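Shown next: my_file_32.csv, given as CSV, C-alpha atoms.
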```csv
chain,number,residue,atom,x,y,z
A,36,MET,CA,26.9,-31.4,-29.6
A,37,HIS,CA,27.7,-29.5,-32.7
A,38,ASP,CA,29.9,-31.5,-35.1
A,39,SER,CA,31.8,-28.5,-36.4
A,40,ILE,CA,32.2,-24.7,-36.5
A,41,ARG,CA,33.0,-22.7,-39.6
A,42,VAL,CA,35.4,-19.8,-39.2
A,43,ALA,CA,36.2,-17.0,-41.6
A,44,LEU,CA,39.7,-15.5,-41.7
A,45,VAL,CA,39.6,-11.8,-42.9
A,46,ASN,CA,42.4,-10.9,-45.3
A,47,ILE,CA,42.8,-7.1,-45.1
A,48,ARG,CA,45.6,-4.5,-45.0
A,49,VAL,CA,46.2,-2.8,-41.7
A,50,TYR,CA,47.9,0.5,-42.5
A,51,GLU,CA,50.5,1.9,-40.1
A,52,LYS,CA,49.2,5.4,-40.8
A,53,ASP,CA,45.8,4.4,-39.5
A,54,ILE,CA,47.4,2.9,-36.4
A,55,GLU,CA,49.3,6.1,-35.8
A,56,SER,CA,46.1,8.2,-36.3
A,57,SER,CA,44.2,6.2,-33.7
A,58,TYR,CA,46.7,6.8,-30.9
A,59,LEU,CA,47.0,10.4,-31.9
A,60,GLU,CA,43.2,10.6,-31.3
A,61,LYS,CA,42.5,11.3,-35.0
A,62,PRO,CA,41.2,7.9,-36.2
A,63,ASN,CA,40.6,7.4,-39.9
A,64,LEU,CA,36.8,7.3,-40.2
A,65,SER,CA,36.7,8.2,-43.8
A,66,ARG,CA,33.7,7.2,-46.0
A,67,GLU,CA,36.0,5.2,-48.2
A,68,ARG,CA,37.3,3.1,-45.3
A,69,PHE,CA,33.9,2.6,-43.9
A,70,LYS,CA,32.5,1.6,-47.3
A,71,GLY,CA,35.2,-1.1,-47.6
A,72,PHE,CA,34.5,-2.4,-44.1
A,73,SER,CA,30.8,-2.5,-44.7
A,74,LYS,CA,31.2,-4.3,-48.0
A,75,LEU,CA,33.3,-7.0,-46.3
A,76,LEU,CA,30.6,-7.6,-43.7
A,77,ASN,CA,27.9,-7.7,-46.3
A,78,ASP,CA,30.0,-10.3,-48.3
A,79,VAL,CA,30.3,-12.4,-45.1
A,80,SER,CA,26.5,-12.3,-44.4
A,81,ARG,CA,25.7,-13.1,-48.1
A,82,TYR,CA,28.1,-16.1,-48.1
A,83,ARG,CA,25.4,-18.4,-46.7
A,84,ASP,CA,23.0,-17.5,-49.5
A,85,VAL,CA,25.6,-18.0,-52.2
A,86,GLU,CA,27.5,-21.1,-50.8
A,87,ARG,CA,24.7,-22.6,-48.8
A,88,LYS,CA,27.1,-22.7,-45.8
A,89,LYS,CA,26.8,-20.8,-42.6
A,90,ILE,CA,29.8,-18.9,-41.2
A,91,ASP,CA,29.8,-19.0,-37.4
A,92,LEU,CA,32.7,-16.8,-36.5
A,93,VAL,CA,34.7,-14.0,-38.3
A,94,VAL,CA,38.2,-13.1,-37.2
A,95,PHE,CA,39.9,-9.7,-38.0
A,96,PRO,CA,43.6,-8.8,-37.4
A,97,GLU,CA,44.9,-6.8,-34.4
A,98,VAL,CA,44.3,-3.0,-34.3
A,99,SER,CA,42.1,-3.2,-37.5
A,100,VAL,CA,38.7,-1.8,-36.4
A,101,PRO,CA,38.1,1.8,-35.3
A,102,ASN,CA,36.5,2.1,-31.9
A,103,ALA,CA,33.8,4.3,-33.4
A,104,TRP,CA,32.5,1.4,-35.4
A,105,GLU,CA,31.9,-1.0,-32.5
A,106,SER,CA,28.2,-0.3,-32.0
A,107,MET,CA,27.6,-0.9,-35.7
A,108,LEU,CA,29.5,-4.2,-35.5
A,109,VAL,CA,27.5,-5.3,-32.5
A,110,ARG,CA,24.2,-4.6,-34.4
A,111,TRP,CA,25.5,-6.6,-37.4
A,112,VAL,CA,26.4,-9.6,-35.1
A,113,ARG,CA,22.9,-9.5,-33.5
A,114,ARG,CA,21.2,-9.2,-36.9
A,115,HIS,CA,23.1,-11.9,-38.8
A,116,HIS,CA,23.9,-14.3,-35.8
A,117,ILE,CA,27.6,-14.4,-36.7
A,118,GLY,CA,30.2,-14.0,-34.1
A,119,VAL,CA,33.2,-11.6,-34.5
A,120,VAL,CA,36.7,-11.4,-32.9
A,121,CYS,CA,38.7,-8.3,-33.8
A,122,GLY,CA,41.5,-6.1,-32.7
A,123,MET,CA,40.3,-2.6,-31.9
A,124,GLU,CA,42.5,0.4,-32.7
A,125,HIS,CA,44.3,2.1,-29.8
A,126,LYS,CA,42.1,4.3,-27.7
A,127,VAL,CA,43.8,6.9,-25.5
A,128,ASN,CA,42.1,7.4,-22.1
A,129,SER,CA,42.1,10.4,-19.7
A,130,VAL,CA,45.5,9.6,-18.2
A,131,LYS,CA,47.1,9.2,-21.7
A,132,GLU,CA,47.2,5.4,-21.6
A,133,ALA,CA,47.1,3.9,-25.1
A,134,VAL,CA,44.6,1.0,-24.7
A,135,ASN,CA,44.9,-1.9,-27.1
A,136,GLN,CA,41.9,-4.2,-26.8
A,137,VAL,CA,40.6,-7.3,-28.5
A,138,LEU,CA,36.8,-7.4,-28.9
A,139,THR,CA,34.7,-10.5,-29.0
A,140,VAL,CA,31.0,-10.3,-29.9
A,141,LEU,CA,29.0,-13.5,-29.9
A,142,PRO,CA,25.3,-13.8,-30.6
A,143,PHE,CA,22.9,-15.8,-28.5
A,144,LYS,CA,19.1,-16.2,-28.1
A,145,SER,CA,17.8,-14.9,-24.8
A,146,GLU,CA,15.2,-16.6,-22.7
A,147,ASN,CA,12.4,-14.4,-24.2
A,148,GLY,CA,13.4,-15.5,-27.7
A,149,PHE,CA,15.2,-12.4,-28.9
A,150,TRP,CA,18.7,-12.5,-30.3
A,151,VAL,CA,21.3,-10.6,-28.3
A,152,ALA,CA,25.0,-9.7,-28.9
A,153,VAL,CA,27.1,-8.6,-25.9
A,154,PRO,CA,30.6,-7.0,-26.6
A,155,VAL,CA,33.4,-8.4,-24.5
A,156,HIS,CA,36.5,-6.3,-24.3
A,157,ARG,CA,39.9,-7.4,-23.0
A,158,LEU,CA,43.0,-5.3,-22.5
A,159,LYS,CA,46.1,-6.7,-24.1
A,160,ARG,CA,48.2,-8.3,-21.4
A,161,HIS,CA,51.6,-8.1,-23.1
A,162,TYR,CA,52.5,-5.2,-25.4
A,163,SER,CA,55.4,-6.0,-27.7
A,164,PRO,CA,58.7,-4.1,-27.1
A,165,GLU,CA,58.3,-2.3,-30.4
A,166,GLU,CA,54.7,-1.3,-29.5
A,167,LYS,CA,55.8,0.0,-26.1
A,168,PHE,CA,58.8,1.9,-27.7
A,169,THR,CA,56.5,3.7,-30.2
A,170,LEU,CA,53.8,4.6,-27.8
A,171,ILE,CA,56.1,5.9,-25.1
A,172,ASN,CA,58.0,8.0,-27.6
A,173,GLU,CA,54.7,9.5,-28.8
A,174,GLY,CA,54.0,10.6,-25.2
A,175,MET,CA,51.6,7.8,-24.3
A,176,LYS,CA,51.6,5.5,-21.3
A,177,ILE,CA,51.3,1.8,-21.2
A,178,PRO,CA,48.2,0.6,-19.2
A,179,LYS,CA,48.6,-1.7,-16.2
A,180,MET,CA,48.3,-5.2,-17.7
A,181,ASP,CA,46.2,-7.1,-15.3
A,182,SER,CA,43.4,-8.3,-17.5
A,183,ARG,CA,42.4,-12.0,-17.5
A,184,TYR,CA,41.8,-14.2,-20.5
A,185,HIS,CA,38.3,-15.5,-21.2
A,186,LEU,CA,37.1,-19.0,-22.0
A,187,PHE,CA,34.2,-18.7,-24.5
A,188,ARG,CA,31.5,-21.4,-25.2
A,189,TYR,CA,29.9,-20.9,-28.6
A,190,CYS,CA,28.3,-23.0,-31.2
A,191,GLY,CA,29.3,-26.2,-29.4
A,192,ALA,CA,32.9,-25.1,-29.2
A,193,SER,CA,35.2,-23.9,-26.4
A,194,PHE,CA,37.8,-21.3,-27.4
A,195,ALA,CA,40.1,-18.5,-26.1
A,196,VAL,CA,41.5,-15.4,-27.7
A,197,TYR,CA,45.1,-14.1,-27.7
A,198,ASN,CA,46.1,-10.7,-28.9
A,199,CYS,CA,49.4,-11.0,-30.9
A,200,TYR,CA,52.4,-10.7,-28.5
A,201,GLU,CA,50.5,-12.5,-25.8
A,202,LEU,CA,51.2,-15.7,-27.6
A,203,THR,CA,54.9,-15.4,-26.8
A,204,SER,CA,54.3,-16.2,-23.2
A,205,ILE,CA,54.5,-20.0,-22.7
A,206,GLN,CA,52.7,-19.6,-19.3
A,207,ASP,CA,49.8,-17.8,-20.9
A,208,ARG,CA,49.5,-20.3,-23.7
A,209,ALA,CA,49.4,-23.2,-21.2
A,210,LEU,CA,46.4,-21.9,-19.4
A,211,PHE,CA,44.0,-23.5,-21.7
A,212,LYS,CA,45.6,-26.9,-22.2
A,213,GLY,CA,42.8,-29.4,-22.7
A,214,GLU,CA,40.1,-26.7,-22.2
A,215,VAL,CA,39.7,-25.5,-25.7
A,216,ASP,CA,38.9,-26.8,-29.2
A,217,PHE,CA,40.6,-23.9,-30.8
A,218,ILE,CA,42.5,-20.6,-30.1
A,219,VAL,CA,42.0,-17.4,-31.9
A,220,ALA,CA,45.1,-15.3,-32.5
A,221,THR,CA,44.5,-11.8,-33.8
A,222,GLU,CA,47.8,-10.1,-34.9
A,223,PHE,CA,49.6,-7.2,-36.4
A,224,ASN,CA,53.0,-9.0,-36.7
A,225,ARG,CA,56.0,-8.6,-38.9
A,226,ASP,CA,58.0,-11.5,-37.4
A,227,THR,CA,55.9,-14.3,-39.1
A,228,ASN,CA,58.7,-16.9,-38.8
A,229,TYR,CA,58.9,-16.5,-35.0
A,230,PHE,CA,55.1,-16.8,-34.6
A,231,SER,CA,55.0,-19.7,-37.1
A,232,ASN,CA,57.1,-21.7,-34.7
A,233,ILE,CA,54.9,-20.7,-31.7
A,234,VAL,CA,51.5,-21.5,-33.3
A,235,GLU,CA,52.7,-24.8,-34.7
A,236,SER,CA,54.0,-25.8,-31.3
A,237,ALA,CA,50.9,-24.6,-29.5
A,238,ALA,CA,48.6,-26.6,-31.8
A,239,ARG,CA,50.3,-29.8,-30.7
A,240,ASP,CA,51.2,-28.9,-27.1
A,241,LEU,CA,47.6,-27.8,-26.4
A,242,HIS,CA,46.1,-30.2,-28.9
A,243,CYS,CA,43.7,-27.8,-30.5
A,244,TYR,CA,43.2,-25.8,-33.7
A,245,ILE,CA,44.8,-22.3,-34.0
A,246,VAL,CA,43.0,-19.6,-36.0
A,247,GLN,CA,45.7,-17.0,-36.7
A,248,VAL,CA,44.8,-13.8,-38.5
A,249,ASN,CA,47.4,-11.2,-39.4
A,250,ASP,CA,47.7,-8.1,-41.6
A,251,SER,CA,47.5,-9.3,-45.2
A,252,ASN,CA,50.8,-7.5,-46.1
A,253,PHE,CA,52.7,-9.5,-43.4
A,254,GLY,CA,50.6,-12.6,-44.1
A,255,ASP,CA,50.7,-16.1,-42.6
A,256,SER,CA,47.0,-15.9,-41.7
A,257,ARG,CA,46.1,-19.6,-41.3
A,258,VAL,CA,44.3,-22.4,-39.6
A,259,VAL,CA,46.8,-24.8,-37.8
A,260,SER,CA,45.7,-28.3,-36.9
A,261,PRO,CA,47.3,-30.6,-34.3
A,262,SER,CA,48.3,-32.9,-37.2
A,263,LYS,CA,51.4,-34.2,-38.8
A,264,THR,CA,53.4,-31.6,-40.8
A,265,GLU,CA,51.9,-32.2,-44.3
A,266,LEU,CA,48.4,-31.7,-42.9
A,267,MET,CA,49.1,-29.0,-40.3
A,268,ASN,CA,48.1,-26.0,-42.4
A,269,PRO,CA,44.9,-26.7,-44.2
A,270,LEU,CA,44.3,-23.0,-44.8
A,271,ARG,CA,47.0,-20.3,-45.3
A,272,ILE,CA,46.8,-16.9,-47.0
A,273,LYS,CA,48.8,-13.8,-47.6
A,274,GLY,CA,48.6,-10.6,-49.8
A,275,GLY,CA,46.2,-9.5,-52.4
A,276,ASP,CA,45.1,-6.0,-53.4
A,277,ASN,CA,41.5,-6.4,-52.3
A,278,SER,CA,40.0,-7.2,-48.9
A,279,GLY,CA,38.3,-10.6,-48.5
A,280,PHE,CA,38.0,-13.7,-46.4
A,281,LEU,CA,38.5,-17.5,-46.6
A,282,THR,CA,36.5,-20.0,-44.6
A,283,MET,CA,37.2,-23.3,-43.0
A,284,LYS,CA,35.2,-25.8,-41.1
A,285,LEU,CA,36.8,-27.0,-37.8
A,286,ASP,CA,36.0,-30.7,-37.1
A,287,LEU,CA,35.0,-30.6,-33.4
A,288,LYS,CA,33.5,-34.1,-33.4
A,289,GLY,CA,36.6,-35.7,-35.0
A,290,LEU,CA,39.0,-33.8,-32.7
A,291,ARG,CA,37.3,-34.8,-29.5
A,292,ALA,CA,36.7,-38.4,-30.6
A,293,HIS,CA,40.5,-38.6,-31.2
A,294,GLN,CA,41.3,-37.0,-27.8
A,295,ARG,CA,39.1,-39.6,-26.0
A,296,LYS,CA,41.2,-42.5,-27.3
A,297,GLY,CA,44.4,-43.9,-25.7
A,298,TYR,CA,47.8,-43.5,-27.3
A,299,GLY,CA,47.7,-46.9,-28.9
A,300,LEU,CA,44.7,-45.9,-31.1
A,301,GLN,CA,45.8,-42.3,-31.5
A,302,LYS,CA,49.2,-43.1,-33.0
A,303,GLU,CA,47.4,-44.9,-35.9
A,304,SER,CA,45.4,-41.8,-36.8
A,305,LYS,CA,46.0,-40.1,-40.2
A,306,GLU,CA,44.2,-36.9,-39.1
A,307,PHE,CA,45.6,-35.9,-35.7
A,308,LYS,CA,48.8,-36.3,-33.7
A,309,PRO,CA,48.6,-38.0,-30.3
A,310,THR,CA,47.6,-35.8,-27.3
A,311,PRO,CA,50.5,-34.6,-25.1
A,312,PRO,CA,51.3,-35.9,-21.7
A,313,ASP,CA,48.9,-34.9,-18.9
A,314,PHE,CA,46.1,-34.1,-21.3
A,315,SER,CA,43.1,-33.8,-19.1
A,316,GLU,CA,40.2,-36.2,-19.6
A,317,GLU,CA,38.2,-34.2,-17.2
A,318,SER,CA,38.6,-31.1,-19.3
A,319,LEU,CA,37.6,-33.0,-22.4
A,320,GLN,CA,34.5,-34.3,-20.6
A,321,ARG,CA,33.5,-30.7,-19.6
A,322,ARG,CA,33.8,-29.6,-23.3
A,323,ASN,CA,31.5,-32.4,-24.3
A,324,GLU,CA,29.0,-31.7,-21.6
A,325,LEU,CA,28.9,-28.0,-22.4
A,326,GLY,CA,29.1,-28.6,-26.2
A,327,ASP,CA,25.6,-27.2,-26.9
A,328,ALA,CA,26.1,-24.0,-24.9
A,329,LYS,CA,26.1,-20.8,-26.9
```
Taking this structure as input, can you express it in the form of structure tokens?
Amino acid sequence: MHDSIRVALVNIRVYEKDIESSYLEKPNLSRERFKGFSKLLNDVSRYRDVERKKIDLVVFPEVSVPNAWESMLVRWVRRHHIGVVCGMEHKVNSVKEAVNQVLTVLPFKSENGFWVAVPVHRLKRHYSPEEKFTLINEGMKIPKMDSRYHLFRYCGASFAVYNCYELTSIQDRALFKGEVDFIVATEFNRDTNYFSNIVESAARDLHCYIVQVNDSNFGDSRVVSPSKTELMNPLRIKGGDNSGFLTMKLDLKGLRAHQRKGYGLQKESKEFKPTPPDFSEESLQRRNELGDAK
């Protein structure tokens, strides 16, 4: 089993004028914007050469990547063997539905020895009231929200992806209790205080890491650990004039070793809080058995 996985949280500005342009079917594909996006990806791929550390997964905010750049992003993942989770800009279909999707692209080596990267799209299950209001008053329709969440196995880790307002559903959050080492939350969210309470509770209720990435202007992009308060936010960022990223290694081995123990030993830990009631030992065993799956 892999002992850890290193994630990169992208700190970029998501402009409302670009969001508006996307659902008005005139996405901003300017050379300047593409140059900034390409530079960020190049910086990520060079990180291993400079820091001697490999990034396994890069996370972008919600509605931050134009749909026209997807194929380029998939090629980049396949070439550099680095996974990506990102929110795609709205795409309007033939019946005037404004589709908000999160994209997950993970690299893996096929049976014939070639590296492959398959894009996995998922429609947002819960549009926020503000998002619905804006789209409807722009003459758009809201798609039927019947998509299912995915459980990914990658680099020895099990994780799931939530797209912003989906996190507000306690039923949806509870789906992966005991099943994941971490959750990715890709966001474009002004109400950081509300979501702060949600992700801190989720980290302890589900007993997993939360990787939350928001627009840099709103901030509160961070890694949340199922730990006591003073250790709960080992990485937290906001603001800045330039685009960039910060990385953190998630301790898979330590988390699972802690979850395996009984409460009597867990309560003495300085790293993690005890697991919640009804935490599934069978789910933990499945994660360990599938730990080497990519």
Residue nearest A:Asp286 - candidates A:Ala192, A:Val49, A:Met107, A:Leu202, atoms counted: all atoms listed in the file: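 Looking at the shortest contact to A:Asp286, the residue is A:Ala192.
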Find the distance between atom CA of A:Arg291 and atom CA of A:Glu222 and write it in Å to one decimal. 27.4 Å
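Rounded to one decimal, atom CA of A:Ser65 and atom CA of A:Tyr50 lie 13.7 Å from each other.
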Of the residues A:Thr310, A:Leu319, A:Pro178, A:Leu210, which is the one nearest to A:Ala238, using all atoms listed in the file?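 Using all atoms listed in the file, A:Ala238 sits closest to A:Thr310.
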Could you tell me how far atom CA of A:Trp111 lies from atom CA of A:Lys288, in Å and to one decimal?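 Separating atom CA of A:Trp111 from atom CA of A:Lys288 is a distance of 28.9 Å.
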Using only C-alpha atoms, find the one residue out of A:Pro96, A:Gly174, A:Pro62, A:Gly122 that sits nearest to A:Phe280. A:Pro96
Please determine, counting only C-alpha atoms, which residue among A:Ala133, A:Leu241, A:Val246, A:Leu158 has the shortest atom-to-atom distance to A:Lys176.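 The closest residue to A:Lys176 is A:Ala133.
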Hey, can you pull every residue with an atom no more than 10 Å from (39.9, -9.9, -36.3), using all atoms listed in the file, and send it as a VMD selection string? chain A and resid 43 to 47 92 to 100 119 to 123 137 to 139 198 219 to 222 247 to 250
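You can rank A:Ser318, A:Gly279, A:Cys199, A:Asp240 by their closest distance to A:Asn77 using only C-alpha atoms, and at the top of that list sits A:Gly279.
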